[in-house]
>>> print(open('upload.txt').read())   # compact mmCIF, C-alpha atoms
# COMPACT_ATOMS: atom_id res chain seq x y z
CA MET A 1 14.43 -45.63 8.03
CA ASP A 2 14.48 -46.64 11.68
CA VAL A 3 11.05 -48.09 12.28
CA GLY A 4 11.90 -49.01 15.86
CA SER A 5 12.41 -45.39 16.91
CA GLY A 6 8.74 -44.47 16.56
CA SER A 7 8.89 -43.00 13.07
CA ASP A 8 5.41 -41.82 12.02
CA LEU A 9 5.94 -43.10 8.48
CA GLY A 10 7.19 -46.47 9.71
CA ALA A 11 4.28 -46.80 12.10
CA ARG A 12 1.77 -45.96 9.35
CA ILE A 13 3.33 -48.47 6.97
CA LEU A 14 3.46 -51.24 9.57
CA SER A 15 -0.12 -50.60 10.67
CA GLY A 16 -1.36 -50.59 7.07
CA GLN A 17 -2.64 -47.04 7.38
CA GLY A 18 -2.16 -44.39 4.75
CA PRO A 19 -1.31 -44.62 1.07
CA GLU A 20 2.27 -45.73 1.77
CA PHE A 21 1.23 -49.31 2.56
CA ALA A 22 -0.72 -49.71 -0.68
CA GLU A 23 2.22 -48.23 -2.59
CA LEU A 24 4.55 -50.68 -0.84
CA LEU A 25 2.43 -53.62 -2.04
CA GLU A 26 2.36 -52.22 -5.57
CA THR A 27 6.16 -52.14 -5.77
CA LEU A 28 6.61 -55.81 -4.88
CA GLY A 29 7.82 -58.08 -7.65
CA GLU A 30 5.68 -60.94 -6.40
CA ALA A 31 1.98 -61.11 -7.05
CA VAL A 32 -0.15 -60.43 -3.96
CA VAL A 33 -3.89 -61.04 -3.83
CA VAL A 34 -6.35 -60.79 -0.95
CA ARG A 35 -9.57 -62.81 -0.84
CA ASP A 36 -12.32 -62.18 1.71
CA ARG A 37 -14.16 -64.81 3.80
CA GLU A 38 -16.56 -65.42 0.92
CA GLY A 39 -13.61 -66.12 -1.37
CA ARG A 40 -13.97 -63.00 -3.52
CA PHE A 41 -10.91 -61.07 -4.63
CA VAL A 42 -10.76 -57.75 -2.79
CA TYR A 43 -7.21 -56.69 -3.67
CA ALA A 44 -4.59 -57.49 -6.30
CA ASN A 45 -1.32 -55.64 -6.83
CA ARG A 46 0.08 -54.85 -10.29
CA ALA A 47 2.17 -58.02 -10.36
CA ALA A 48 -0.93 -60.11 -9.60
CA LEU A 49 -2.92 -58.44 -12.35
CA ALA A 50 -0.10 -59.14 -14.82
CA ASN A 51 0.31 -62.70 -13.51
CA LEU A 52 -3.40 -63.39 -13.85
CA ALA A 53 -3.66 -61.64 -17.25
CA ASP A 54 -6.06 -59.01 -15.95
CA GLU A 55 -5.45 -55.54 -17.28
CA ARG A 56 -7.76 -53.72 -14.89
CA PRO A 57 -8.36 -54.29 -11.17
CA ALA A 58 -12.10 -53.94 -11.78
CA ASP A 59 -11.98 -57.17 -13.84
CA LEU A 60 -10.71 -59.12 -10.85
CA LEU A 61 -12.07 -57.37 -7.79
CA GLY A 62 -15.20 -59.02 -6.46
CA ALA A 63 -14.69 -62.03 -8.71
CA PRO A 64 -14.89 -65.52 -7.23
CA LEU A 65 -11.85 -67.79 -7.37
CA GLU A 66 -13.53 -70.09 -9.90
CA SER A 67 -13.70 -67.30 -12.49
CA VAL A 68 -9.89 -67.06 -12.37
CA LEU A 69 -9.24 -70.81 -12.20
CA ASP A 70 -11.46 -71.42 -15.23
CA ARG A 71 -8.87 -69.62 -17.37
CA TYR A 72 -6.25 -72.27 -16.61
CA ILE A 73 -5.56 -75.96 -16.60
CA VAL A 74 -4.01 -76.36 -13.15
CA ARG A 75 -1.77 -79.30 -12.24
CA ASP A 76 0.48 -80.28 -9.37
CA GLU A 77 4.19 -80.85 -9.89
CA HIS A 78 3.54 -84.50 -10.86
CA GLY A 79 0.96 -83.60 -13.52
CA GLY A 80 -2.13 -84.43 -11.48
CA PRO A 81 -5.12 -82.08 -11.56
CA ILE A 82 -5.55 -79.53 -8.77
CA ASN A 83 -8.95 -78.31 -7.68
CA ALA A 84 -9.72 -75.15 -5.74
CA GLU A 85 -9.85 -76.98 -2.38
CA ALA A 86 -6.12 -77.74 -2.65
CA LEU A 87 -5.14 -74.06 -2.80
CA PRO A 88 -3.60 -72.62 0.38
CA SER A 89 -6.02 -69.65 0.46
CA VAL A 90 -9.06 -71.91 0.25
CA ARG A 91 -7.76 -74.14 3.03
CA LEU A 92 -6.98 -71.10 5.14
CA LEU A 93 -10.42 -69.56 4.67
CA GLN A 94 -12.17 -72.88 5.34
CA ALA A 95 -10.11 -74.05 8.34
CA GLY A 96 -8.64 -70.76 9.59
CA VAL A 97 -5.07 -72.09 9.61
CA ARG A 98 -2.14 -71.80 7.25
CA SER A 99 -1.17 -74.72 5.03
CA GLU A 100 2.07 -75.52 3.30
CA PRO A 101 2.91 -73.54 0.15
CA LEU A 102 1.75 -75.19 -3.07
CA LEU A 103 3.74 -75.59 -6.27
CA LEU A 104 1.52 -75.76 -9.33
CA GLN A 105 1.66 -75.64 -13.09
CA ALA A 106 -0.82 -73.32 -14.80
CA ILE A 107 -1.59 -73.60 -18.50
CA ASP A 108 -3.50 -70.69 -19.96
CA ARG A 109 -6.43 -72.20 -21.86
CA GLU A 110 -6.48 -69.34 -24.38
CA THR A 111 -2.78 -68.93 -25.19
CA GLY A 112 -1.31 -72.28 -24.12
CA ALA A 113 1.33 -70.46 -22.07
CA VAL A 114 2.78 -72.66 -19.33
CA SER A 115 3.90 -71.23 -16.01
CA TRP A 116 4.91 -72.63 -12.65
CA ARG A 117 3.76 -70.85 -9.52
CA ARG A 118 4.36 -71.23 -5.82
CA LEU A 119 1.39 -70.09 -3.74
CA SER A 120 1.56 -69.34 -0.03
CA SER A 121 -1.22 -67.80 2.01
CA SER A 122 -1.39 -66.06 5.36
CA PRO A 123 -4.42 -65.01 7.37
CA LEU A 124 -5.50 -61.41 7.75
CA HIS A 125 -7.15 -60.88 11.15
CA ASP A 126 -9.51 -58.23 12.45
CA ALA A 127 -9.01 -56.52 15.84
CA GLU A 128 -10.65 -59.48 17.62
CA GLY A 129 -8.32 -62.01 15.96
CA THR A 130 -10.90 -63.45 13.56
CA VAL A 131 -9.64 -64.41 10.12
CA ILE A 132 -11.27 -61.97 7.72
CA ALA A 133 -9.24 -62.65 4.58
CA ALA A 134 -6.44 -64.67 3.04
CA VAL A 135 -3.36 -62.89 1.70
CA THR A 136 -1.72 -64.97 -1.01
CA VAL A 137 1.73 -64.41 -2.48
CA ILE A 138 2.09 -65.94 -5.94
CA GLU A 139 5.72 -66.47 -6.88
CA ASP A 140 6.51 -67.21 -10.53
CA VAL A 141 9.04 -70.08 -10.50
CA THR A 142 8.83 -70.92 -14.20
CA ALA A 143 12.51 -70.18 -14.82
CA VAL A 144 13.54 -72.41 -11.91
CA LYS A 145 11.40 -75.30 -13.16
CA ALA A 146 12.77 -74.86 -16.71
CA ALA A 147 16.32 -75.01 -15.35
CA GLU A 148 15.45 -78.19 -13.40
CA VAL A 149 14.12 -79.88 -16.55
CA HIS A 150 17.15 -78.83 -18.60
CA THR A 151 19.54 -80.02 -15.91
CA ARG A 152 17.75 -83.37 -15.66
CA ILE A 153 17.83 -83.82 -19.45
CA LEU A 154 21.52 -82.94 -19.63
CA ALA A 155 22.43 -85.26 -16.76
CA GLU A 156 20.50 -88.19 -18.24
CA SER A 157 21.89 -87.49 -21.71
CA GLY A 158 25.42 -87.45 -20.27
CA ARG A 159 24.86 -90.82 -18.63
CA LYS A 160 23.51 -92.25 -21.88
CA LEU A 161 26.37 -90.80 -23.94
CA SER A 162 28.96 -92.45 -21.73
CA ALA A 163 27.16 -95.80 -21.60
CA SER A 164 27.97 -97.03 -25.11
CA LEU A 165 30.56 -96.56 -27.83
CA ASP A 166 28.02 -97.51 -30.51
CA TYR A 167 26.94 -94.07 -31.79
CA GLU A 168 23.58 -95.25 -33.19
CA GLN A 169 22.67 -96.86 -29.88
CA THR A 170 23.95 -93.79 -28.03
CA LEU A 171 21.77 -91.43 -30.11
CA GLN A 172 18.70 -93.59 -29.47
CA ASN A 173 19.49 -93.62 -25.74
CA VAL A 174 19.91 -89.83 -25.65
CA ALA A 175 16.62 -89.33 -27.52
CA ARG A 176 14.86 -91.65 -25.05
CA ALA A 177 16.38 -89.71 -22.16
CA ALA A 178 15.37 -86.30 -23.53
CA LEU A 179 11.79 -87.02 -24.61
CA PRO A 180 10.23 -87.48 -21.14
CA GLY A 181 11.75 -84.21 -19.94
CA LEU A 182 10.53 -82.35 -22.99
CA ALA A 183 7.08 -83.89 -22.57
CA ASP A 184 7.03 -82.85 -18.88
CA TRP A 185 7.79 -79.29 -19.88
CA SER A 186 5.18 -79.10 -22.62
CA LEU A 187 2.31 -80.42 -20.46
>>> encode(input="upload.txt", output="structure tokens")
Amino acid sequence: MDVGSGSDLGARILSGQGPEFAELLETLGEAVVVRDREGRFVYANRAALANLADERPADLLGAPLESVLDRYIVRDEHGGPINAEALPSVRLLQAGVRSEPLLLQAIDRETGAVSWRRLSSSPLHDAEGTVIAAVTVIEDVTAVKAAEVHTRILAESGRKLSASLDYEQTLQNVARAALPGLADWSL
């Protein structure tokens, strides 16, 4: 589709008018949520609902951020706790400017499931240029983080294996190298 040639469909999609734009957001693989100036969820695509373990949009729409965060133990990439004020959407809604994307670990309090997410937020402006909402894309990077941990464990184990010809000492060294990585992953 040539959007630059004045296509009616392209213009409607780019302007956010018509059902095509909503359908476009629904087909994205990444989770997309929109929170209004008061911090309430006003939109979540299918991926967001699945990502946040909500089966119905009505369960999320109108809800404050805290009601979602309470479901998880949220940590930064070094294991430190993250509060709501650190989230890009909160910073955007409070200060009106974008912040850097945030990598976080979320542990579901009910199931214990661990996931890694990268959050980035952009402002949604009204016709006068006032920020009226924050649009947040939540990218699931769990597989990438798992690969990083596995690679780190393998590299450290390889170094330990080549450091000694004494097999008992080598096994102890490999176990010492693997345990921190496994503990990082399970937190």
>>> atom_distance(input="upload.txt", atom1="atom CA of Gly112 of chain A", atom2="atom CA of Arg71 of chain A")
10.5 Å
>>> residues_around(input="upload.txt", residues="segment 65-69 of chain A", least_positions_apart="2", cutoff="10 Å", atoms="all atoms listed in the file", output="PyMOL selection string")
chain A and resi 35+38-41+52-54+60+62-63+71-74+83-84+89-90+106+108
>>> atom_distance(input="upload.txt", atom1="atom CA of Glu139 of chain A", atom2="atom CA of Ala47 of chain A")
9.8 Å
>>> residues_around(input="upload.txt", residues="Arg75 of chain A", least_positions_apart="3", cutoff="7 Å", atoms="only C-alpha atoms", output="VMD selection string")
chain A and resid 79 to 82 104 to 106
>>> closest_residue(input="upload.txt", among="A:Leu124, A:Ala113, A:Leu154, A:Val135", to="Val34 of chain A", atoms="only C-alpha atoms")
A:Val135
>>> closest_residue(input="upload.txt", among="A:Asn45, A:Gln172, A:Ser115, A:Gln94", to="Ala133 of chain A", atoms="all atoms listed in the file")
A:Gln94
>>> axis_aligned_box(input="upload.txt", around="segment 103-120 of chain A", padding_each_side="5 Å", output="AutoDock Vina command-line options")
--center_x -0.8 --center_y -72.3 --center_z -12.6 --size_x 21.4 --size_y 16.8 --size_z 35.2
>>> closest_residue(input="upload.txt", among="A:Glu26, A:Glu77, A:Glu148, A:Asp140", to="Leu103 of chain A", atoms="all atoms listed in the file")
A:Glu77
>>> atom_distance(input="upload.txt", atom1="atom CA of Glu156 of chain A", atom2="atom CA of Glu168 of chain A")
16.8 Å
>>> closest_residue(input="upload.txt", among="A:Leu49, A:Val131, A:Leu28, A:Leu119", to="Ala95 of chain A", atoms="all atoms listed in the file")
A:Val131
